[in-house]
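K.L.:
Next up, query-v4.pdb (PDB, C-alpha atoms and all ligand atoms).
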```
MODEL        1
ATOM      1  CA  MET A   1      -1.497 118.171 183.985  1.00  0.00           C
ATOM      2  CA  THR A   2      -2.397 121.272 181.981  1.00  0.00           C
ATOM      3  CA  PHE A   3      -5.696 123.133 181.958  1.00  0.00           C
ATOM      4  CA  PRO A   4      -7.950 123.296 180.018  1.00  0.00           C
ATOM      5  CA  LEU A   5      -8.776 119.589 179.971  1.00  0.00           C
ATOM      6  CA  GLU A   6     -10.600 118.032 177.059  1.00  0.00           C
ATOM      7  CA  ARG A   7     -13.275 116.596 179.361  1.00  0.00           C
ATOM      8  CA  PRO A   8     -15.319 117.790 182.352  1.00  0.00           C
ATOM      9  CA  ALA A   9     -13.027 118.625 185.268  1.00  0.00           C
ATOM     10  CA  ARG A  10     -13.354 116.813 188.578  1.00  0.00           C
ATOM     11  CA  LEU A  11     -13.247 118.980 191.700  1.00  0.00           C
ATOM     12  CA  ALA A  12     -12.727 118.114 195.361  1.00  0.00           C
ATOM     13  CA  VAL A  13     -13.659 120.509 198.170  1.00  0.00           C
ATOM     14  CA  PHE A  14     -11.883 120.283 201.541  1.00  0.00           C
ATOM     15  CA  ALA A  15     -13.940 121.899 204.315  1.00  0.00           C
ATOM     16  CA  SER A  16     -13.883 122.005 208.104  1.00  0.00           C
ATOM     17  CA  GLY A  17     -16.953 124.051 208.925  1.00  0.00           C
ATOM     18  CA  ARG A  18     -20.382 125.248 207.856  1.00  0.00           C
ATOM     19  CA  GLY A  19     -19.692 124.925 204.118  1.00  0.00           C
ATOM     20  CA  SER A  20     -21.267 127.975 202.507  1.00  0.00           C
ATOM     21  CA  ASN A  21     -18.469 128.144 199.919  1.00  0.00           C
ATOM     22  CA  LEU A  22     -18.959 124.453 199.284  1.00  0.00           C
ATOM     23  CA  ARG A  23     -22.616 125.231 198.599  1.00  0.00           C
ATOM     24  CA  ALA A  24     -21.607 127.903 196.070  1.00  0.00           C
ATOM     25  CA  LEU A  25     -19.194 125.515 194.337  1.00  0.00           C
ATOM     26  CA  ALA A  26     -21.604 122.583 194.334  1.00  0.00           C
ATOM     27  CA  ALA A  27     -24.324 124.795 192.848  1.00  0.00           C
ATOM     28  CA  ALA A  28     -21.977 126.156 190.168  1.00  0.00           C
ATOM     29  CA  PHE A  29     -20.471 122.761 189.297  1.00  0.00           C
ATOM     30  CA  PRO A  30     -23.198 120.139 189.835  1.00  0.00           C
ATOM     31  CA  PRO A  31     -22.992 116.428 189.028  1.00  0.00           C
ATOM     32  CA  GLY A  32     -22.990 115.809 185.280  1.00  0.00           C
ATOM     33  CA  ASP A  33     -22.059 119.381 184.352  1.00  0.00           C
ATOM     34  CA  PRO A  34     -20.184 119.360 181.021  1.00  0.00           C
ATOM     35  CA  PHE A  35     -17.562 121.854 182.263  1.00  0.00           C
ATOM     36  CA  ALA A  36     -16.815 120.683 185.833  1.00  0.00           C
ATOM     37  CA  SER A  37     -18.373 118.895 188.795  1.00  0.00           C
ATOM     38  CA  VAL A  38     -17.651 118.624 192.483  1.00  0.00           C
ATOM     39  CA  VAL A  39     -17.071 114.875 192.821  1.00  0.00           C
ATOM     40  CA  LEU A  40     -15.733 114.660 196.381  1.00  0.00           C
ATOM     41  CA  VAL A  41     -16.067 116.563 199.655  1.00  0.00           C
ATOM     42  CA  LEU A  42     -13.496 115.859 202.290  1.00  0.00           C
ATOM     43  CA  GLY A  43     -14.101 117.042 205.853  1.00  0.00           C
ATOM     44  CA  ASN A  44     -11.507 116.823 208.574  1.00  0.00           C
ATOM     45  CA  ARG A  45     -14.206 116.923 211.274  1.00  0.00           C
ATOM     46  CA  ARG A  46     -17.039 114.448 211.412  1.00  0.00           C
ATOM     47  CA  ASP A  47     -19.429 117.187 212.541  1.00  0.00           C
ATOM     48  CA  ALA A  48     -18.575 119.561 209.673  1.00  0.00           C
ATOM     49  CA  GLY A  49     -21.810 120.965 208.232  1.00  0.00           C
ATOM     50  CA  ALA A  50     -20.073 120.631 204.880  1.00  0.00           C
ATOM     51  CA  LEU A  51     -20.378 116.848 204.995  1.00  0.00           C
ATOM     52  CA  SER A  52     -24.165 116.795 205.313  1.00  0.00           C
ATOM     53  CA  LEU A  53     -24.420 119.572 202.755  1.00  0.00           C
ATOM     54  CA  ALA A  54     -22.428 117.419 200.317  1.00  0.00           C
ATOM     55  CA  GLU A  55     -24.869 114.594 200.775  1.00  0.00           C
ATOM     56  CA  ALA A  56     -27.752 116.975 200.055  1.00  0.00           C
ATOM     57  CA  TYR A  57     -26.075 117.822 196.742  1.00  0.00           C
ATOM     58  CA  GLY A  58     -25.522 114.156 195.922  1.00  0.00           C
ATOM     59  CA  VAL A  59     -21.750 114.479 196.229  1.00  0.00           C
ATOM     60  CA  PRO A  60     -19.738 111.756 197.978  1.00  0.00           C
ATOM     61  CA  ALA A  61     -18.411 113.009 201.318  1.00  0.00           C
ATOM     62  CA  ARG A  62     -15.651 111.525 203.410  1.00  0.00           C
ATOM     63  CA  ALA A  63     -14.537 112.423 206.928  1.00  0.00           C
ATOM     64  CA  VAL A  64     -10.800 112.139 207.372  1.00  0.00           C
ATOM     65  CA  PRO A  65      -9.929 113.343 210.887  1.00  0.00           C
ATOM     66  CA  PHE A  66      -6.755 115.372 211.083  1.00  0.00           C
ATOM     67  CA  GLY A  67      -6.085 114.663 214.752  1.00  0.00           C
ATOM     68  CA  GLY A  68      -2.451 115.341 215.483  1.00  0.00           C
ATOM     69  CA  ASP A  69      -1.258 113.294 212.539  1.00  0.00           C
ATOM     70  CA  ARG A  70      -0.939 115.368 209.404  1.00  0.00           C
ATOM     71  CA  ASP A  71       1.035 112.702 207.533  1.00  0.00           C
ATOM     72  CA  ARG A  72      -1.755 110.173 207.958  1.00  0.00           C
ATOM     73  CA  PHE A  73      -4.386 112.727 206.946  1.00  0.00           C
ATOM     74  CA  GLU A  74      -2.437 113.602 203.798  1.00  0.00           C
ATOM     75  CA  ARG A  75      -1.864 109.960 202.847  1.00  0.00           C
ATOM     76  CA  GLU A  76      -5.600 109.276 203.144  1.00  0.00           C
ATOM     77  CA  ALA A  77      -6.527 112.497 201.351  1.00  0.00           C
ATOM     78  CA  ASP A  78      -4.097 111.728 198.534  1.00  0.00           C
ATOM     79  CA  ALA A  79      -5.504 108.214 198.144  1.00  0.00           C
ATOM     80  CA  LEU A  80      -9.060 109.615 197.947  1.00  0.00           C
ATOM     81  CA  LEU A  81      -8.052 112.257 195.394  1.00  0.00           C
ATOM     82  CA  ARG A  82      -6.562 109.522 193.202  1.00  0.00           C
ATOM     83  CA  THR A  83      -9.539 107.193 193.659  1.00  0.00           C
ATOM     84  CA  PHE A  84     -11.952 109.953 192.647  1.00  0.00           C
ATOM     85  CA  GLY A  85      -9.734 111.143 189.796  1.00  0.00           C
ATOM     86  CA  VAL A  86      -9.660 114.713 191.119  1.00  0.00           C
ATOM     87  CA  ASP A  87      -8.134 117.407 188.905  1.00  0.00           C
ATOM     88  CA  LEU A  88      -8.478 120.478 191.148  1.00  0.00           C
ATOM     89  CA  VAL A  89      -8.689 120.775 194.950  1.00  0.00           C
ATOM     90  CA  CYS A  90     -10.604 123.691 196.497  1.00  0.00           C
ATOM     91  CA  LEU A  91      -9.953 124.465 200.156  1.00  0.00           C
ATOM     92  CA  ALA A  92     -13.075 126.156 201.519  1.00  0.00           C
ATOM     93  CA  GLY A  93     -12.909 126.952 205.203  1.00  0.00           C
ATOM     94  CA  PHE A  94     -10.366 124.180 205.650  1.00  0.00           C
ATOM     95  CA  MET A  95      -8.755 125.221 208.910  1.00  0.00           C
ATOM     96  CA  ARG A  96      -5.534 123.234 208.675  1.00  0.00           C
ATOM     97  CA  VAL A  97      -2.182 123.935 207.094  1.00  0.00           C
ATOM     98  CA  LEU A  98      -1.072 121.320 204.571  1.00  0.00           C
ATOM     99  CA  SER A  99       2.555 120.209 204.342  1.00  0.00           C
ATOM    100  CA  PRO A 100       4.992 121.596 201.757  1.00  0.00           C
ATOM    101  CA  ALA A 101       5.212 118.102 200.244  1.00  0.00           C
ATOM    102  CA  PHE A 102       1.446 117.913 199.753  1.00  0.00           C
ATOM    103  CA  THR A 103       1.112 121.433 198.330  1.00  0.00           C
ATOM    104  CA  ALA A 104       4.070 120.790 195.986  1.00  0.00           C
ATOM    105  CA  ARG A 105       2.464 117.587 194.719  1.00  0.00           C
ATOM    106  CA  TYR A 106      -0.704 119.542 193.844  1.00  0.00           C
ATOM    107  CA  ALA A 107       1.024 122.755 192.706  1.00  0.00           C
ATOM    108  CA  GLY A 108      -1.210 124.617 190.274  1.00  0.00           C
ATOM    109  CA  ARG A 109      -4.111 122.314 191.182  1.00  0.00           C
ATOM    110  CA  ILE A 110      -5.020 123.513 194.670  1.00  0.00           C
ATOM    111  CA  LEU A 111      -6.878 126.721 195.573  1.00  0.00           C
ATOM    112  CA  ASN A 112      -7.900 128.407 198.811  1.00  0.00           C
ATOM    113  CA  ILE A 113     -10.277 131.241 199.672  1.00  0.00           C
ATOM    114  CA  HIS A 114      -9.404 133.842 202.273  1.00  0.00           C
ATOM    115  CA  PRO A 115     -11.569 136.699 203.623  1.00  0.00           C
ATOM    116  CA  SER A 116      -9.192 139.593 202.934  1.00  0.00           C
ATOM    117  CA  LEU A 117      -7.449 141.284 200.055  1.00  0.00           C
ATOM    118  CA  LEU A 118      -4.204 139.338 200.313  1.00  0.00           C
ATOM    119  CA  PRO A 119      -1.365 139.992 200.929  1.00  0.00           C
ATOM    120  CA  LEU A 120      -3.153 142.057 203.602  1.00  0.00           C
ATOM    121  CA  PHE A 121      -4.348 140.215 206.717  1.00  0.00           C
ATOM    122  CA  PRO A 122      -3.317 136.570 206.196  1.00  0.00           C
ATOM    123  CA  GLY A 123      -4.005 133.958 208.858  1.00  0.00           C
ATOM    124  CA  LEU A 124      -6.793 133.843 211.421  1.00  0.00           C
ATOM    125  CA  HIS A 125      -9.434 136.556 212.055  1.00  0.00           C
ATOM    126  CA  ALA A 126      -8.804 138.420 208.816  1.00  0.00           C
ATOM    127  CA  GLN A 127     -11.932 140.538 209.223  1.00  0.00           C
ATOM    128  CA  ARG A 128     -10.918 141.536 212.764  1.00  0.00           C
ATOM    129  CA  GLN A 129      -7.451 142.418 211.471  1.00  0.00           C
ATOM    130  CA  ALA A 130      -9.017 144.617 208.771  1.00  0.00           C
ATOM    131  CA  LEU A 131     -11.184 146.470 211.305  1.00  0.00           C
ATOM    132  CA  SER A 132      -8.233 146.991 213.662  1.00  0.00           C
ATOM    133  CA  ALA A 133      -6.125 148.357 210.820  1.00  0.00           C
ATOM    134  CA  GLY A 134      -8.856 150.880 209.978  1.00  0.00           C
ATOM    135  CA  VAL A 135      -8.887 150.105 206.234  1.00  0.00           C
ATOM    136  CA  ARG A 136     -11.807 151.480 204.198  1.00  0.00           C
ATOM    137  CA  GLU A 137     -12.194 148.429 202.006  1.00  0.00           C
ATOM    138  CA  SER A 138     -11.585 144.734 202.326  1.00  0.00           C
ATOM    139  CA  GLY A 139     -12.760 141.686 200.427  1.00  0.00           C
ATOM    140  CA  CYS A 140     -11.739 138.176 199.565  1.00  0.00           C
ATOM    141  CA  THR A 141      -9.026 136.417 197.609  1.00  0.00           C
ATOM    142  CA  VAL A 142      -8.991 133.053 195.872  1.00  0.00           C
ATOM    143  CA  HIS A 143      -5.377 132.009 195.478  1.00  0.00           C
ATOM    144  CA  PHE A 144      -3.195 129.063 194.568  1.00  0.00           C
ATOM    145  CA  VAL A 145      -1.913 127.261 197.644  1.00  0.00           C
ATOM    146  CA  ASP A 146       1.817 127.061 198.166  1.00  0.00           C
ATOM    147  CA  ALA A 147       3.885 126.074 201.208  1.00  0.00           C
ATOM    148  CA  GLY A 148       3.048 129.284 203.112  1.00  0.00           C
ATOM    149  CA  VAL A 149      -0.118 130.361 204.901  1.00  0.00           C
ATOM    150  CA  ASP A 150      -2.290 132.431 202.505  1.00  0.00           C
ATOM    151  CA  THR A 151       0.763 133.294 200.396  1.00  0.00           C
ATOM    152  CA  GLY A 152       0.109 131.744 196.964  1.00  0.00           C
ATOM    153  CA  GLU A 153      -0.574 133.659 193.786  1.00  0.00           C
ATOM    154  CA  ALA A 154      -3.994 135.350 193.636  1.00  0.00           C
ATOM    155  CA  VAL A 155      -6.508 134.204 191.001  1.00  0.00           C
ATOM    156  CA  VAL A 156      -9.534 136.400 191.818  1.00  0.00           C
ATOM    157  CA  GLN A 157     -10.143 139.202 194.315  1.00  0.00           C
ATOM    158  CA  ARG A 158     -13.461 140.893 195.061  1.00  0.00           C
ATOM    159  CA  ARG A 159     -13.758 144.061 197.126  1.00  0.00           C
ATOM    160  CA  VAL A 160     -16.298 145.308 199.651  1.00  0.00           C
ATOM    161  CA  PRO A 161     -16.442 148.601 201.568  1.00  0.00           C
ATOM    162  CA  VAL A 162     -15.729 148.672 205.291  1.00  0.00           C
ATOM    163  CA  LEU A 163     -18.559 150.807 206.688  1.00  0.00           C
ATOM    164  CA  PRO A 164     -18.463 153.122 209.693  1.00  0.00           C
ATOM    165  CA  GLY A 165     -19.423 151.172 212.798  1.00  0.00           C
ATOM    166  CA  ASP A 166     -18.932 147.798 211.111  1.00  0.00           C
ATOM    167  CA  THR A 167     -18.758 144.789 213.396  1.00  0.00           C
ATOM    168  CA  GLU A 168     -16.600 141.780 212.650  1.00  0.00           C
ATOM    169  CA  GLU A 169     -19.760 139.759 211.927  1.00  0.00           C
ATOM    170  CA  GLY A 170     -21.213 142.398 209.613  1.00  0.00           C
ATOM    171  CA  LEU A 171     -18.017 142.705 207.630  1.00  0.00           C
ATOM    172  CA  ALA A 172     -17.603 138.918 207.494  1.00  0.00           C
ATOM    173  CA  GLU A 173     -21.112 138.535 206.093  1.00  0.00           C
ATOM    174  CA  ARG A 174     -20.572 141.228 203.441  1.00  0.00           C
ATOM    175  CA  ILE A 175     -17.300 139.549 202.398  1.00  0.00           C
ATOM    176  CA  LEU A 176     -18.919 136.106 202.395  1.00  0.00           C
ATOM    177  CA  GLN A 177     -21.465 137.212 199.769  1.00  0.00           C
ATOM    178  CA  GLU A 178     -18.528 138.087 197.503  1.00  0.00           C
ATOM    179  CA  GLU A 179     -16.706 134.847 198.325  1.00  0.00           C
ATOM    180  CA  HIS A 180     -19.628 132.922 196.877  1.00  0.00           C
ATOM    181  CA  ARG A 181     -19.128 134.748 193.566  1.00  0.00           C
ATOM    182  CA  ALA A 182     -15.341 134.736 193.652  1.00  0.00           C
ATOM    183  CA  TYR A 183     -14.780 131.016 194.148  1.00  0.00           C
ATOM    184  CA  PRO A 184     -16.730 129.729 191.131  1.00  0.00           C
ATOM    185  CA  GLU A 185     -15.208 132.514 189.023  1.00  0.00           C
ATOM    186  CA  ALA A 186     -11.679 131.541 190.100  1.00  0.00           C
ATOM    187  CA  VAL A 187     -12.290 127.846 189.424  1.00  0.00           C
ATOM    188  CA  ARG A 188     -13.524 128.714 185.919  1.00  0.00           C
ATOM    189  CA  ARG A 189     -10.461 130.833 185.230  1.00  0.00           C
ATOM    190  CA  VAL A 190      -8.065 128.106 186.346  1.00  0.00           C
ATOM    191  CA  LEU A 191      -9.883 125.336 184.479  1.00  0.00           C
ATOM    192  CA  MET A 192      -9.975 127.430 181.319  1.00  0.00           C
ATOM    193  CA  GLY A 193      -6.201 127.805 181.545  1.00  0.00           C
ATOM    194  CA  GLN A 194      -6.441 131.582 181.912  1.00  0.00           C
ATOM    195  CA  VAL A 195      -4.201 131.644 184.979  1.00  0.00           C
ATOM    196  CA  HIS A 196      -1.416 129.399 186.247  1.00  0.00           C
ATOM    197  CA  SER A 197       0.574 129.308 189.435  1.00  0.00           C
ATOM    198  CA  GLY A 198       4.205 130.233 188.782  1.00  0.00           C
ATOM    199  CA  VAL A 199       6.029 127.147 189.985  1.00  0.00           C
ATOM    200  CA  GLY A 200       4.990 123.658 188.984  1.00  0.00           C
ATOM    201  CA  ALA A 201       1.814 124.698 187.212  1.00  0.00           C
ATOM    202  CA  HIS A 202       2.538 122.419 184.314  1.00  0.00           C
ATOM    203  CA  ALA A 203       3.979 119.513 186.300  1.00  0.00           C
TER     204      ALA A 203
HETATM  205  C1  LIG B 301     -14.703 131.766 204.736  1.00  0.00           C
HETATM  206  O1  LIG B 301     -14.788 133.066 205.233  1.00  0.00           O
HETATM  207  C2  LIG B 301     -13.387 131.532 204.039  1.00  0.00           C
HETATM  208  O2  LIG B 301     -12.890 132.670 203.393  1.00  0.00           O
HETATM  209  C3  LIG B 301     -12.477 131.151 205.191  1.00  0.00           C
HETATM  210  O3  LIG B 301     -13.292 130.363 206.021  1.00  0.00           O
HETATM  211  C4  LIG B 301     -14.657 130.707 205.841  1.00  0.00           C
HETATM  212  C5  LIG B 301     -15.393 129.459 205.469  1.00  0.00           C
HETATM  213  O4  LIG B 301     -16.785 129.649 205.408  1.00  0.00           O
HETATM  214  N1  LIG B 301     -11.288 130.494 204.705  1.00  0.00           N
HETATM  215  P1  LIG B 301     -17.721 128.483 204.843  1.00  0.00           P
HETATM  216  O5  LIG B 301     -17.451 127.226 205.673  1.00  0.00           O
HETATM  217  O6  LIG B 301     -17.379 128.265 203.398  1.00  0.00           O
HETATM  218  O7  LIG B 301     -19.109 128.993 205.039  1.00  0.00           O
ENDMDL
END
```
Go ahead and render the structure in this file as structure tokens.
P.N.:
Amino acid sequence: MTFPLERPARLAVFASGRGSNLRALAAAFPPGDPFASVVLVLGNRRDAGALSLAEAYGVPARAVPFGGDRDRFEREADALLRTFGVDLVCLAGFMRVLSPAFTARYAGRILNIHPSLLPLFPGLHAQRQALSAGVRESGCTVHFVDAGVDTGEAVVQRRVPVLPGDTEEGLAERILQEEHRAYPEAVRRVLMGQVHSGVGAHA
């Protein structure tokens, strides 16, 4: 599949938690939008705030528990993505690592958002890592997902200052405001064909 498509793009959001990035994406790409719509929200926890938020936006939401069985999760996720005709997957606070086979199948069609200026501070507690390192700015990165953790090619980065006396929560909140701008911007860039992931982007 190659972007741009000659029809509205169909987006899925995978989320595990409160879903504020889902809210930003659902608001930017609502049902019936001529450019792109979020058509499916997949939560790996039944209590994910993202699932009820999806319903509020009129987007179908499915809970697919991860449990200890990643293969089963990925089979079910893959079946849902096909059923809903999804073109682009957006991981938004999805706290699980997908298998190399899954990320290869969706190469160039799966994005993640991370609260640091990658390649700095991948993995958990990125804001805490930034504060411990004493950097004077941080931010967020939307990137293509590959087989690594937070390693894929960056699509959009937005920067924020780290202020004297910042707490982890304060910095996280400042970054989050930029995440909500960065994710829709990155989705637009990918769907317009302005940026591709190196390997497999045209598969
Ligand atoms: C965000 O900080 C995102 O960068 C990280 O997880 C958090 C999810 O927040 N991957 P939300 O559920 O979108 O509010």
K.L.:
Running the PyMOL selection byres (((not hetatm)) within 9 of (chain B and resi 301)) on this model by hand, what would come out? Give it as a short mmCIF file (atom, residue, chain, number, x, y, z; two decimals) with C-alpha atoms, in the coordinates of the input.
P.N.:
```cif
data_model
loop_
_atom_site.label_atom_id
_atom_site.label_comp_id
_atom_site.auth_asym_id
_atom_site.auth_seq_id
_atom_site.Cartn_x
_atom_site.Cartn_y
_atom_site.Cartn_z
CA ALA A 15 -13.94 121.90 204.32
CA SER A 16 -13.88 122.00 208.10
CA GLY A 17 -16.95 124.05 208.92
CA ARG A 18 -20.38 125.25 207.86
CA GLY A 19 -19.69 124.92 204.12
CA SER A 20 -21.27 127.98 202.51
CA ASN A 21 -18.47 128.14 199.92
CA LEU A 22 -18.96 124.45 199.28
CA ARG A 23 -22.62 125.23 198.60
CA ALA A 24 -21.61 127.90 196.07
CA ALA A 48 -18.58 119.56 209.67
CA GLY A 49 -21.81 120.96 208.23
CA ALA A 50 -20.07 120.63 204.88
CA LEU A 91 -9.95 124.46 200.16
CA ALA A 92 -13.08 126.16 201.52
CA GLY A 93 -12.91 126.95 205.20
CA PHE A 94 -10.37 124.18 205.65
CA MET A 95 -8.76 125.22 208.91
CA ASN A 112 -7.90 128.41 198.81
CA ILE A 113 -10.28 131.24 199.67
CA HIS A 114 -9.40 133.84 202.27
CA PRO A 115 -11.57 136.70 203.62
CA SER A 116 -9.19 139.59 202.93
CA LEU A 124 -6.79 133.84 211.42
CA ALA A 126 -8.80 138.42 208.82
CA GLN A 127 -11.93 140.54 209.22
CA CYS A 140 -11.74 138.18 199.56
CA THR A 141 -9.03 136.42 197.61
CA VAL A 142 -8.99 133.05 195.87
CA ALA A 172 -17.60 138.92 207.49
CA GLU A 173 -21.11 138.54 206.09
CA ILE A 175 -17.30 139.55 202.40
CA LEU A 176 -18.92 136.11 202.40
CA GLU A 179 -16.71 134.85 198.32
CA HIS A 180 -19.63 132.92 196.88
#
```
K.L.:
Where does the PyMOL selection byres (((chain A and resi 29) around 12) and not hetatm) land in this file, that is, which residues does it pick, as number ranges by chain?
P.N.:
A: 8-13, 22-28, 30-40, 57-59, 183-185, 187-188, 191
K.L.:
Under the PyMOL selection byres (((chain A and resi 150-156) around 9) and not hetatm), which residues of this model are included? Write them out as a ChimeraX atom specification.
P.N.:
/A:111-114,118-119,122-123,140-149,157-158,182-183,185-187,189-190,195-198
K.L.:
Could you write out the selected residues, including C-alpha atoms, as a CSV table (one decimal), keeping the file's coordinate frame?
P.N.:
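Here's the written file result.csv:
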```csv
chain,number,residue,atom,x,y,z
A,111,LEU,CA,-6.9,126.7,195.6
A,112,ASN,CA,-7.9,128.4,198.8
A,113,ILE,CA,-10.3,131.2,199.7
A,114,HIS,CA,-9.4,133.8,202.3
A,118,LEU,CA,-4.2,139.3,200.3
A,119,PRO,CA,-1.4,140.0,200.9
A,122,PRO,CA,-3.3,136.6,206.2
A,123,GLY,CA,-4.0,134.0,208.9
A,140,CYS,CA,-11.7,138.2,199.6
A,141,THR,CA,-9.0,136.4,197.6
A,142,VAL,CA,-9.0,133.1,195.9
A,143,HIS,CA,-5.4,132.0,195.5
A,144,PHE,CA,-3.2,129.1,194.6
A,145,VAL,CA,-1.9,127.3,197.6
A,146,ASP,CA,1.8,127.1,198.2
A,147,ALA,CA,3.9,126.1,201.2
A,148,GLY,CA,3.0,129.3,203.1
A,149,VAL,CA,-0.1,130.4,204.9
A,157,GLN,CA,-10.1,139.2,194.3
A,158,ARG,CA,-13.5,140.9,195.1
A,182,ALA,CA,-15.3,134.7,193.7
A,183,TYR,CA,-14.8,131.0,194.1
A,185,GLU,CA,-15.2,132.5,189.0
A,186,ALA,CA,-11.7,131.5,190.1
A,187,VAL,CA,-12.3,127.8,189.4
A,189,ARG,CA,-10.5,130.8,185.2
A,190,VAL,CA,-8.1,128.1,186.3
A,195,VAL,CA,-4.2,131.6,185.0
A,196,HIS,CA,-1.4,129.4,186.2
A,197,SER,CA,0.6,129.3,189.4
A,198,GLY,CA,4.2,130.2,188.8
```
K.L.:
Quick one: distance from CA of Pro60 (chain A) to CA of Ser99 (chain A) in Å, one decimal?
P.N.:
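Separation of CA of Pro60 (chain A) and CA of Ser99 (chain A): 24.7 Å.
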K.L.:
Pick from A:His125, A:Arg159, A:Val89, A:Leu120: nearest to Glu137 (chain A), with all atoms listed in the file counted?
P.N.:
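Using all atoms listed in the file, Glu137 (chain A) sits closest to A:Arg159.
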K.L.:
Mind checking which residues fall within 12 Å of Pro164 (chain A), counting all atoms listed in the file, ignoring those fewer than 4 positions away in the same chain, and posting them as a list in words?
P.N.:
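Once the nearby chain positions are removed, what remains is Leu131, Gly134, Val135, Arg136, Glu137, Glu168, Gly170 and Leu171 of chain A.
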K.L.:
In Å, rounded to a single decimal, give me how far CA of Gly108 (chain A) is from CA of Phe66 (chain A).
P.N.:
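Going from CA of Phe66 (chain A) over to CA of Gly108 (chain A) covers 23.4 Å.
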K.L.:
Can you measure CA of Ser52 (chain A) to CA of Phe84 (chain A) for me? One decimal in Å is fine.
P.N.:
18.9 Å
K.L.:
I'd like the neighbourhood of Gly193 (chain A) as a list of chain:residue names, where a residue qualifies if any of its atoms comes within 9 Å (using only C-alpha atoms), though same-chain residues fewer than 5 positions away should be ignored.
P.N.:
A:Thr2, A:Phe3, A:Pro4, A:Leu5, A:Arg188
